[in-house]
Amino acid sequence: MNTLTVLPDSGAFARAAALLKSGELVAMPTETVYGLAADACSSQAVRRIFEAKGRPQDNPLIVHIAGMEMLDQVWQRITPQARALAEAFWPGALTIILPRARQLADEVCAGLPTAAVRWPDHPVAQKLIEAAGVPLAAPSANRSGSPSPTTAQAVQQDLAGRIPLILDGGACAVGVESTVVSLAEAEPLLLRPGQIACEQLSAVLGCRVRLSPAVLHQLEQGQAAPSPGMKYRHYSPRAKLILVKGSAQAYAAYVNQQLEQGVFALCFDEMRAVLQGSCVCYGPQTQPAQQARQLFAALRTLDAQGAQLAYVQCPDCRGIGLAVYNRLLRAAGFQVLEL
Ligand code: TXA
Ligand code: MG
């Protein structure tokens with residue numbers, strides 16, 4: 001299959017909508033990362049997503065809507081808590097989980113009684129959902145396990161030959177995937193940190209939002225995953241990563257002793273002048289939003305430059321920094337070195 005990358009003009013939307021209506025896949029930009037979209041109500045279309053990504057069948061997909069009126073097609077009913085979060089954060093980088101509607105293809109929810117839903121804040125994604133006229137199931141548009149794509153080129157790299165069309169909307173503004181919160185439990189539960197922080201959700205809901213332990217800790221063998229995606233290797237470049245905690249001075253001193261052929265530093269911009277070997281930078285030390293924006297491209301750069309091993313400078317965990325930390329922790333397979 002030939003994979004076409006096109007700018008999102010009116011011809012591109014017509015072509016993309018026609019593909020989606022005939023059960024094909026289209027990669028679309030969102031403000032978080034690029035998504036691989038299919039008609040969420042068609043089993044045959046949704047199965048194609050799992051095939052193209054090489055995604056495990058038991059890992060459910062996020063459904064994307066454009067407008068509250070589409071919610072009837074995805075959830076049984078909208079609860080007051082969901083309405084409050086939607087009013088505060090949609091369109092935006094927040095995914096909400098509630099009991100699913102019957103119209104959705106079973107494959108979207110991977111057998112779970114719930115559906116994860118998001119209204120993205122990107123004009124191209126919104127126009128595409130409107131043109132398709134149905135909710136779109138869309139996981140990140142990467143091969144399963146590899147870093148999420150934040151540019152059309154990264155989608156090409158992973159999915160060329162496997163999908164017919166990529167809409168090129170430039171680089172994603174947020175850079176890490178949406179915050180995922182489940183409202184299907186007795187108490188709201190944060191399953192994945194993103195741009196919208198736990199405290200922001202608590203402030204709107206007026207109650208505690210629990211952070212799922214799996215956000216910061218590896219699941220024990222045989223322990224049930226609150227979100228199936230937590231079970232799998234994630235965001236990983238081919239290079240092995242080790243997350244290093246400690247002061248900038250301690251990091252520099254340690255890493256300078258380790259750097260040799262194939263060994264890299266994945267560090268803040270300020271470190272470049274201090275380190276004596278190969279480094280890939282992922283933003284200024286005090287700018288977590290910029291770190292989020294650059295993170296996945298930096299992981300891809302490590303591979304492009306032939307890194308075998310990279311020592312990663314640990315980010316600050318506040319705000320969106322928690323999302324950056326969570327992705328790095330998973331990319332490193334929870335290997336942490338404390339200096
Ligand atoms: O920002 C984003 O959320 C991007 C863009 C494209 O919207 N999408 C994205 O999708 O990151 P994906 O499939 O890569 O990640 C979805 C995560 C997975 O970890 C999955 O296990 C979890 O959400 N998930 C989906 N439905 C769920 C459900 N019903 N219950 C629990 N977890 C669910
Ligand atoms: Mg993903």
# chains A, B, ... in the order shown; residues from 1 in each chain; ligands from 1
$ residues_near_ligand --ligand "ligand 1" --cutoff "6 Å" --atoms "only C-alpha atoms and all ligand atoms" --output "MDAnalysis selection string"
chainID A and resid 32:35 59:62 97 109 112 114:116 138:140 177:178 227:230
$ select_by_dssp --residues "range 138-325 of chain A" --states "alpha helix (DSSP H)" --output "ChimeraX atom specification"
/A:152-159,198-205,248-258,288-304,321-325
$ write_last_selection --atoms "C-alpha atoms" --output "CSV table (one decimal), in the first residue's frame"
chain,number,residue,atom,x,y,z
A,152,ALA,CA,3.7,13.5,10.2
A,153,GLN,CA,7.2,12.3,9.4
A,154,ALA,CA,7.3,10.1,12.6
A,155,VAL,CA,4.0,8.6,11.5
A,156,GLN,CA,5.5,7.9,8.0
A,157,GLN,CA,8.5,6.3,9.7
A,158,ASP,CA,6.3,3.8,11.6
A,159,LEU,CA,3.3,3.2,9.3
A,198,CYS,CA,-4.6,15.7,38.8
A,199,GLU,CA,-5.0,18.8,41.0
A,200,GLN,CA,-6.9,20.6,38.2
A,201,LEU,CA,-9.3,17.7,38.0
A,202,SER,CA,-9.8,17.7,41.8
A,203,ALA,CA,-10.4,21.4,41.7
A,204,VAL,CA,-13.3,21.0,39.2
A,205,LEU,CA,-14.8,17.9,40.8
A,248,ALA,CA,22.7,18.4,37.7
A,249,GLN,CA,26.3,18.3,39.0
A,250,ALA,CA,26.0,14.6,40.1
A,251,TYR,CA,24.4,13.7,36.8
A,252,ALA,CA,27.2,15.5,34.8
A,253,ALA,CA,29.9,13.9,36.9
A,254,TYR,CA,28.4,10.4,36.6
A,255,VAL,CA,27.5,10.5,32.9
A,256,ASN,CA,30.9,12.0,31.9
A,257,GLN,CA,32.5,8.8,33.3
A,258,GLN,CA,30.2,6.5,31.3
A,288,PRO,CA,8.3,21.1,31.5
A,289,ALA,CA,5.9,22.1,28.7
A,290,GLN,CA,8.8,22.3,26.3
A,291,GLN,CA,10.2,19.0,27.5
A,292,ALA,CA,6.8,17.4,26.9
A,293,ARG,CA,6.8,18.8,23.3
A,294,GLN,CA,10.3,17.5,22.5
A,295,LEU,CA,10.3,14.2,24.4
A,296,PHE,CA,9.1,11.7,21.8
A,297,ALA,CA,11.1,13.3,19.0
A,298,ALA,CA,14.2,13.1,21.2
A,299,LEU,CA,13.6,9.4,21.8
A,300,ARG,CA,13.4,8.9,18.1
A,301,THR,CA,16.6,10.9,17.6
A,302,LEU,CA,18.5,8.5,19.9
A,303,ASP,CA,17.6,5.6,17.6
A,304,ALA,CA,18.5,7.7,14.5
A,321,GLY,CA,6.4,17.1,34.3
A,322,LEU,CA,4.6,14.1,35.8
A,323,ALA,CA,3.6,13.0,32.3
A,324,VAL,CA,7.2,13.4,31.1
A,325,TYR,CA,8.5,11.4,34.1
$ closest_residue --among "A:Arg327, A:Val124, A:Asp39, A:Ile65" --to "Leu167 in chain A" --atoms "only C-alpha atoms"
A:Val124
$ residues_around --residues "range 163-165 of chain A" --least-positions-apart "2" --cutoff "6 Å" --atoms "only C-alpha atoms" --output "PyMOL selection string"
chain A and resi 3-5+26+161
$ closest_residue --among "A:Leu211, A:Ala141, A:Leu190, A:Leu337" --to "ligand 2" --atoms "only C-alpha atoms and all ligand atoms"
A:Ala141
$ select_by_dssp --residues "range 112-321 of chain A" --states "strand (DSSP E or B)" --output "MDAnalysis selection string"
chainID A and resid 114:118 136:137 140 165:167 179:182 189:192 210:211 240:245 263:267 279:281 309:313
$ write_last_selection --atoms "N, CA and C atoms" --output "CSV table (one decimal), in the first residue's frame"
chain,number,residue,atom,x,y,z
A,114,THR,N,-16.5,-0.3,29.5
A,114,THR,CA,-16.3,1.1,29.5
A,114,THR,C,-15.7,1.6,28.2
A,115,ALA,N,-15.9,2.9,27.9
A,115,ALA,CA,-15.2,3.5,26.8
A,115,ALA,C,-14.5,4.8,27.2
A,116,ALA,N,-13.3,5.0,26.7
A,116,ALA,CA,-12.5,6.2,26.9
A,116,ALA,C,-12.7,7.2,25.8
A,117,VAL,N,-13.1,8.4,26.1
A,117,VAL,CA,-13.5,9.4,25.1
A,117,VAL,C,-12.8,10.7,25.3
A,118,ARG,N,-12.5,11.4,24.2
A,118,ARG,CA,-11.9,12.7,24.2
A,118,ARG,C,-12.4,13.5,23.0
A,136,LEU,N,-14.5,8.8,16.1
A,136,LEU,CA,-13.4,8.1,15.5
A,136,LEU,C,-12.5,7.4,16.6
A,137,ALA,N,-12.3,6.2,16.5
A,137,ALA,CA,-11.4,5.5,17.4
A,137,ALA,C,-10.0,5.8,16.9
A,140,SER,N,-2.6,6.3,19.4
A,140,SER,CA,-1.4,7.1,18.9
A,140,SER,C,-1.0,6.3,17.6
A,165,LEU,N,-3.3,7.1,4.2
A,165,LEU,CA,-3.3,8.6,4.2
A,165,LEU,C,-2.8,9.1,5.6
A,166,ILE,N,-2.0,10.1,5.5
A,166,ILE,CA,-1.6,10.9,6.7
A,166,ILE,C,-1.9,12.4,6.4
A,167,LEU,N,-2.7,13.0,7.3
A,167,LEU,CA,-2.9,14.4,7.3
A,167,LEU,C,-1.8,15.1,8.0
A,179,THR,N,-4.3,13.2,29.4
A,179,THR,CA,-4.6,12.7,30.7
A,179,THR,C,-5.7,11.8,30.6
A,180,VAL,N,-5.7,10.6,31.2
A,180,VAL,CA,-6.8,9.6,31.2
A,180,VAL,C,-7.3,9.5,32.6
A,181,VAL,N,-8.7,9.8,32.8
A,181,VAL,CA,-9.3,9.7,34.1
A,181,VAL,C,-10.5,8.8,34.0
A,182,SER,N,-10.6,7.8,34.9
A,182,SER,CA,-11.8,7.0,34.9
A,182,SER,C,-12.8,7.5,35.9
A,189,LEU,N,-10.3,8.1,39.2
A,189,LEU,CA,-9.0,7.5,39.3
A,189,LEU,C,-8.2,8.0,38.0
A,190,LEU,N,-7.0,8.5,38.3
A,190,LEU,CA,-6.1,9.0,37.2
A,190,LEU,C,-5.3,7.8,36.7
A,191,LEU,N,-5.5,7.4,35.4
A,191,LEU,CA,-4.8,6.3,34.9
A,191,LEU,C,-3.6,6.6,34.1
A,192,ARG,N,-3.5,7.8,33.5
A,192,ARG,CA,-2.4,8.3,32.8
A,192,ARG,C,-2.2,9.8,33.0
A,210,ARG,N,-7.7,10.0,42.8
A,210,ARG,CA,-6.6,9.2,43.1
A,210,ARG,C,-5.7,8.9,41.9
A,211,LEU,N,-4.4,8.9,42.2
A,211,LEU,CA,-3.4,8.6,41.2
A,211,LEU,C,-3.2,7.1,41.2
A,240,LYS,N,18.5,1.2,25.0
A,240,LYS,CA,18.1,0.9,26.4
A,240,LYS,C,18.3,2.2,27.2
A,241,LEU,N,17.3,2.5,28.1
A,241,LEU,CA,17.3,3.8,28.8
A,241,LEU,C,17.5,3.5,30.3
A,242,ILE,N,18.3,4.4,31.0
A,242,ILE,CA,18.3,4.3,32.4
A,242,ILE,C,18.0,5.7,32.9
A,243,LEU,N,17.0,5.8,33.8
A,243,LEU,CA,16.6,7.1,34.3
A,243,LEU,C,17.5,7.5,35.5
A,244,VAL,N,18.2,8.6,35.5
A,244,VAL,CA,19.1,9.0,36.5
A,244,VAL,C,18.6,10.1,37.4
A,245,LYS,N,18.5,9.9,38.7
A,245,LYS,CA,18.0,10.9,39.7
A,245,LYS,C,19.1,11.4,40.4
A,263,VAL,N,27.0,5.1,23.8
A,263,VAL,CA,26.4,5.5,25.0
A,263,VAL,C,26.1,7.0,25.0
A,264,PHE,N,24.8,7.4,25.2
A,264,PHE,CA,24.4,8.8,25.1
A,264,PHE,C,23.9,9.3,26.4
A,265,ALA,N,23.7,10.6,26.4
A,265,ALA,CA,23.0,11.3,27.5
A,265,ALA,C,21.7,11.8,26.9
A,266,LEU,N,20.6,11.6,27.5
A,266,LEU,CA,19.3,12.3,27.1
A,266,LEU,C,19.0,13.3,28.2
A,267,CYS,N,19.3,14.5,27.9
A,267,CYS,CA,19.4,15.5,29.0
A,267,CYS,C,18.8,16.8,28.7
A,279,CYS,N,25.2,13.7,23.1
A,279,CYS,CA,23.9,13.9,23.9
A,279,CYS,C,22.8,14.4,23.0
A,280,VAL,N,21.6,14.0,23.4
A,280,VAL,CA,20.3,14.4,22.8
A,280,VAL,C,19.6,15.2,23.8
A,281,CYS,N,19.1,16.4,23.5
A,281,CYS,CA,18.5,17.2,24.5
A,281,CYS,C,17.0,17.2,24.4
A,309,LEU,N,22.6,2.8,24.5
A,309,LEU,CA,22.3,3.0,25.9
A,309,LEU,C,22.2,4.5,26.1
A,310,ALA,N,21.2,5.0,26.8
A,310,ALA,CA,21.2,6.4,27.2
A,310,ALA,C,20.9,6.6,28.6
A,311,TYR,N,21.7,7.5,29.3
A,311,TYR,CA,21.4,7.9,30.6
A,311,TYR,C,20.5,9.1,30.6
A,312,VAL,N,19.3,9.0,31.2
A,312,VAL,CA,18.3,10.1,31.1
A,312,VAL,C,18.3,11.0,32.3
A,313,GLN,N,18.4,12.3,32.1
A,313,GLN,CA,18.3,13.2,33.2
A,313,GLN,C,16.9,13.3,33.6
$ residues_around --residues "Ala38 in chain A" --least-positions-apart "5" --cutoff "9 Å" --atoms "only C-alpha atoms" --output "number ranges by chain"
A: 20-21, 23-27, 45-46, 48-49, 135-138
$ write_last_selection --atoms "all heavy atoms" --output "compact mmCIF listing (two decimals), in the first residue's frame"
# COMPACT_ATOMS: atom_id res chain seq x y z
N LEU A 20 -12.43 6.94 5.50
CA LEU A 20 -12.99 6.51 6.79
C LEU A 20 -14.35 5.85 6.60
O LEU A 20 -14.64 4.83 7.23
CB LEU A 20 -13.10 7.71 7.74
CG LEU A 20 -11.75 8.25 8.24
CD1 LEU A 20 -11.93 9.59 8.94
CD2 LEU A 20 -11.08 7.25 9.19
N LYS A 21 -15.16 6.41 5.70
CA LYS A 21 -16.50 5.84 5.47
C LYS A 21 -16.43 4.47 4.83
O LYS A 21 -17.33 3.66 4.98
CB LYS A 21 -17.35 6.79 4.61
CG LYS A 21 -17.88 7.97 5.43
CD LYS A 21 -18.61 9.00 4.58
CE LYS A 21 -18.95 10.20 5.46
NZ LYS A 21 -19.25 11.40 4.64
N GLY A 23 -14.23 2.30 5.67
CA GLY A 23 -13.60 1.37 6.61
C GLY A 23 -12.09 1.39 6.61
O GLY A 23 -11.44 0.52 7.18
N GLU A 24 -11.49 2.44 5.99
CA GLU A 24 -10.02 2.55 5.95
C GLU A 24 -9.51 3.43 7.10
O GLU A 24 -10.29 4.08 7.80
CB GLU A 24 -9.58 3.16 4.61
CG GLU A 24 -9.77 2.26 3.42
CD GLU A 24 -8.76 1.12 3.39
OE1 GLU A 24 -7.75 1.17 4.13
OE2 GLU A 24 -8.98 0.17 2.62
N LEU A 25 -8.18 3.49 7.23
CA LEU A 25 -7.55 4.26 8.31
C LEU A 25 -6.97 5.57 7.78
O LEU A 25 -6.49 5.63 6.65
CB LEU A 25 -6.39 3.45 8.91
CG LEU A 25 -6.72 2.03 9.37
CD1 LEU A 25 -5.47 1.40 10.00
CD2 LEU A 25 -7.86 2.03 10.37
N VAL A 26 -6.99 6.59 8.63
CA VAL A 26 -6.35 7.88 8.31
C VAL A 26 -5.60 8.36 9.55
O VAL A 26 -6.15 8.37 10.65
CB VAL A 26 -7.41 8.94 7.91
CG1 VAL A 26 -6.77 10.30 7.72
CG2 VAL A 26 -8.16 8.52 6.65
N ALA A 27 -4.34 8.76 9.38
CA ALA A 27 -3.60 9.34 10.50
C ALA A 27 -3.87 10.83 10.54
O ALA A 27 -3.82 11.51 9.52
CB ALA A 27 -2.10 9.08 10.35
N ALA A 45 -13.34 -1.85 10.50
CA ALA A 45 -12.40 -0.72 10.43
C ALA A 45 -11.48 -0.72 11.65
O ALA A 45 -10.27 -0.53 11.53
CB ALA A 45 -13.18 0.59 10.35
N VAL A 46 -12.05 -0.95 12.82
CA VAL A 46 -11.26 -0.89 14.06
C VAL A 46 -10.23 -2.02 14.09
O VAL A 46 -9.10 -1.83 14.55
CB VAL A 46 -12.19 -0.93 15.29
CG1 VAL A 46 -11.38 -1.08 16.57
CG2 VAL A 46 -13.05 0.33 15.35
N ARG A 48 -8.60 -3.07 11.69
CA ARG A 48 -7.45 -2.62 10.87
C ARG A 48 -6.45 -1.82 11.70
O ARG A 48 -5.25 -1.84 11.43
CB ARG A 48 -7.95 -1.74 9.72
CG ARG A 48 -8.61 -2.51 8.61
CD ARG A 48 -8.44 -1.74 7.29
NE ARG A 48 -8.71 -2.63 6.17
CZ ARG A 48 -9.75 -2.50 5.35
NH1 ARG A 48 -10.61 -1.51 5.51
NH2 ARG A 48 -9.93 -3.35 4.36
N ILE A 49 -6.95 -1.06 12.68
CA ILE A 49 -6.03 -0.28 13.55
C ILE A 49 -5.09 -1.24 14.27
O ILE A 49 -3.87 -1.02 14.31
CB ILE A 49 -6.82 0.55 14.60
CG1 ILE A 49 -7.64 1.65 13.94
CG2 ILE A 49 -5.86 1.13 15.63
CD1 ILE A 49 -8.42 2.52 14.93
N PRO A 135 -18.04 9.11 15.52
CA PRO A 135 -16.89 9.15 16.43
C PRO A 135 -15.75 8.32 15.83
O PRO A 135 -16.00 7.31 15.18
CB PRO A 135 -17.41 8.48 17.71
CG PRO A 135 -18.89 8.44 17.59
CD PRO A 135 -19.22 8.46 16.13
N LEU A 136 -14.52 8.78 16.06
CA LEU A 136 -13.35 8.08 15.50
C LEU A 136 -12.51 7.45 16.61
O LEU A 136 -12.08 8.15 17.53
CB LEU A 136 -12.49 9.05 14.68
CG LEU A 136 -13.14 9.69 13.46
CD1 LEU A 136 -12.16 10.65 12.77
CD2 LEU A 136 -13.64 8.63 12.47
N ALA A 137 -12.31 6.15 16.51
CA ALA A 137 -11.38 5.48 17.42
C ALA A 137 -9.98 5.84 16.94
O ALA A 137 -9.70 5.76 15.74
CB ALA A 137 -11.57 3.97 17.35
N ALA A 138 -9.11 6.28 17.85
CA ALA A 138 -7.76 6.65 17.42
C ALA A 138 -6.74 6.50 18.53
O ALA A 138 -6.65 7.33 19.42
CB ALA A 138 -7.73 8.09 16.88
$ closest_residue --among "A:Gly262, A:Pro91, A:Gly169, A:Pro120" --to "Ala239 in chain A" --atoms "only C-alpha atoms"
A:Gly262
$ atom_distance --atom1 "CA of Gly283 in chain A" --atom2 "CA of Glu270 in chain A"
8.5 Å
$ residues_around --residues "Gly133 in chain A" --least-positions-apart "3" --cutoff "12 Å" --atoms "only C-alpha atoms" --output "CSV table (one decimal) with N, CA, C and O atoms, in the first residue's frame"
chain,number,residue,atom,x,y,z
A,14,ALA,N,-12.0,15.7,2.1
A,14,ALA,CA,-13.0,14.9,1.4
A,14,ALA,C,-12.4,13.5,1.1
A,14,ALA,O,-13.1,12.5,1.4
A,16,ALA,N,-10.1,12.0,2.9
A,16,ALA,CA,-9.9,11.3,4.2
A,16,ALA,C,-11.3,10.8,4.7
A,16,ALA,O,-11.4,9.7,5.2
A,17,ALA,N,-12.3,11.6,4.6
A,17,ALA,CA,-13.7,11.2,5.0
A,17,ALA,C,-14.1,10.0,4.2
A,17,ALA,O,-14.7,9.1,4.7
A,18,ALA,N,-13.9,10.0,2.9
A,18,ALA,CA,-14.3,8.9,2.0
A,18,ALA,C,-13.6,7.6,2.5
A,18,ALA,O,-14.2,6.6,2.5
A,20,LEU,N,-12.4,6.9,5.5
A,20,LEU,CA,-13.0,6.5,6.8
A,20,LEU,C,-14.3,5.8,6.6
A,20,LEU,O,-14.6,4.8,7.2
A,21,LYS,N,-15.2,6.4,5.7
A,21,LYS,CA,-16.5,5.8,5.5
A,21,LYS,C,-16.4,4.5,4.8
A,21,LYS,O,-17.3,3.7,5.0
A,38,ALA,N,-10.1,5.5,12.8
A,38,ALA,CA,-11.1,4.6,12.1
A,38,ALA,C,-12.5,4.9,12.6
A,38,ALA,O,-12.6,5.4,13.8
A,39,ASP,N,-13.5,4.6,11.9
A,39,ASP,CA,-14.9,4.6,12.3
A,39,ASP,C,-15.1,3.8,13.6
A,39,ASP,O,-14.9,2.6,13.5
A,40,ALA,N,-15.4,4.4,14.7
A,40,ALA,CA,-15.5,3.7,16.0
A,40,ALA,C,-16.7,2.8,16.0
A,40,ALA,O,-16.8,2.0,17.0
A,41,CYS,N,-17.6,2.9,15.1
A,41,CYS,CA,-18.8,2.0,15.1
A,41,CYS,C,-18.6,0.8,14.2
A,41,CYS,O,-19.5,0.0,14.0
A,64,HIS,N,-12.7,9.5,19.7
A,64,HIS,CA,-12.6,11.0,19.6
A,64,HIS,C,-13.9,11.5,19.0
A,64,HIS,O,-14.5,11.0,18.0
A,65,ILE,N,-14.4,12.5,19.7
A,65,ILE,CA,-15.7,13.2,19.3
A,65,ILE,C,-15.4,14.6,18.9
A,65,ILE,O,-14.3,15.2,19.3
A,66,ALA,N,-16.4,15.3,18.3
A,66,ALA,CA,-16.3,16.7,18.1
A,66,ALA,C,-17.7,17.3,18.3
A,66,ALA,O,-18.5,17.4,17.5
A,67,GLY,N,-18.0,17.6,19.6
A,67,GLY,CA,-19.3,18.1,20.0
A,67,GLY,C,-20.0,17.1,21.0
A,67,GLY,O,-19.9,15.9,20.9
A,69,GLU,N,-23.0,16.5,21.4
A,69,GLU,CA,-24.1,15.6,20.9
A,69,GLU,C,-23.6,14.3,20.4
A,69,GLU,O,-24.4,13.3,20.3
A,70,MET,N,-22.3,14.1,20.2
A,70,MET,CA,-21.8,12.8,19.8
A,70,MET,C,-21.7,11.8,21.0
A,70,MET,O,-21.5,10.6,20.8
A,73,GLN,N,-23.5,8.4,21.3
A,73,GLN,CA,-23.1,7.2,20.5
A,73,GLN,C,-21.9,6.5,21.2
A,73,GLN,O,-21.5,5.4,20.8
A,126,GLN,N,-10.8,18.0,14.5
A,126,GLN,CA,-12.2,18.3,14.6
A,126,GLN,C,-12.9,18.3,13.3
A,126,GLN,O,-14.0,17.7,13.1
A,127,LYS,N,-12.3,18.9,12.3
A,127,LYS,CA,-12.9,18.9,10.9
A,127,LYS,C,-13.0,17.5,10.4
A,127,LYS,O,-14.0,17.2,9.7
A,128,LEU,N,-12.0,16.6,10.7
A,128,LEU,CA,-12.1,15.3,10.1
A,128,LEU,C,-13.2,14.5,10.8
A,128,LEU,O,-13.9,13.7,10.1
A,129,ILE,N,-13.4,14.6,12.1
A,129,ILE,CA,-14.5,13.9,12.8
A,129,ILE,C,-15.8,14.4,12.2
A,129,ILE,O,-16.7,13.6,11.9
A,130,GLU,N,-15.9,15.7,12.0
A,130,GLU,CA,-17.2,16.3,11.5
A,130,GLU,C,-17.4,15.7,10.1
A,130,GLU,O,-18.5,15.3,9.7
A,136,LEU,N,-14.5,8.8,16.1
A,136,LEU,CA,-13.4,8.1,15.5
A,136,LEU,C,-12.5,7.4,16.6
A,136,LEU,O,-12.1,8.1,17.5
$ closest_residue --among "A:Leu36, A:Ala86, A:Ala173, A:Leu275" --to "ligand 2" --atoms "only C-alpha atoms and all ligand atoms"
A:Leu36
$ atom_distance --atom1 "CA of Ala331 in chain A" --atom2 "CA of Pro193 in chain A"
14.8 Å
$ residues_around --residues "Gly54 in chain A" --least-positions-apart "6" --cutoff "10 Å" --atoms "only C-alpha atoms" --output "list in words"
Arg48, Asn142, Arg143, Ser144 and Gly145 of chain A
$ decode --residues "range 65-86 of chain A" --atoms "C-alpha atoms" --output "compact mmCIF listing (two decimals), in the first residue's frame"
# COMPACT_ATOMS: atom_id res chain seq x y z
CA ILE A 65 -15.69 13.18 19.26
CA ALA A 66 -16.32 16.73 18.05
CA GLY A 67 -19.28 18.08 20.01
CA MET A 68 -21.24 16.96 23.07
CA GLU A 69 -24.10 15.65 20.89
CA MET A 70 -21.83 12.77 19.82
CA LEU A 71 -21.67 11.46 23.40
CA ASP A 72 -24.92 9.47 22.97
CA GLN A 73 -23.06 7.25 20.53
CA VAL A 74 -20.21 6.45 22.91
CA TRP A 75 -21.49 6.36 26.52
CA GLN A 76 -24.62 4.93 28.19
CA ARG A 77 -25.14 8.28 29.88
CA ILE A 78 -23.15 11.34 30.85
CA THR A 79 -22.78 11.77 34.62
CA PRO A 80 -22.61 15.14 36.43
CA GLN A 81 -18.89 14.59 37.10
CA ALA A 82 -18.20 13.93 33.43
CA ARG A 83 -20.21 16.98 32.42
CA ALA A 84 -18.21 19.16 34.82
CA LEU A 85 -14.87 17.90 33.48
CA ALA A 86 -16.03 18.24 29.87
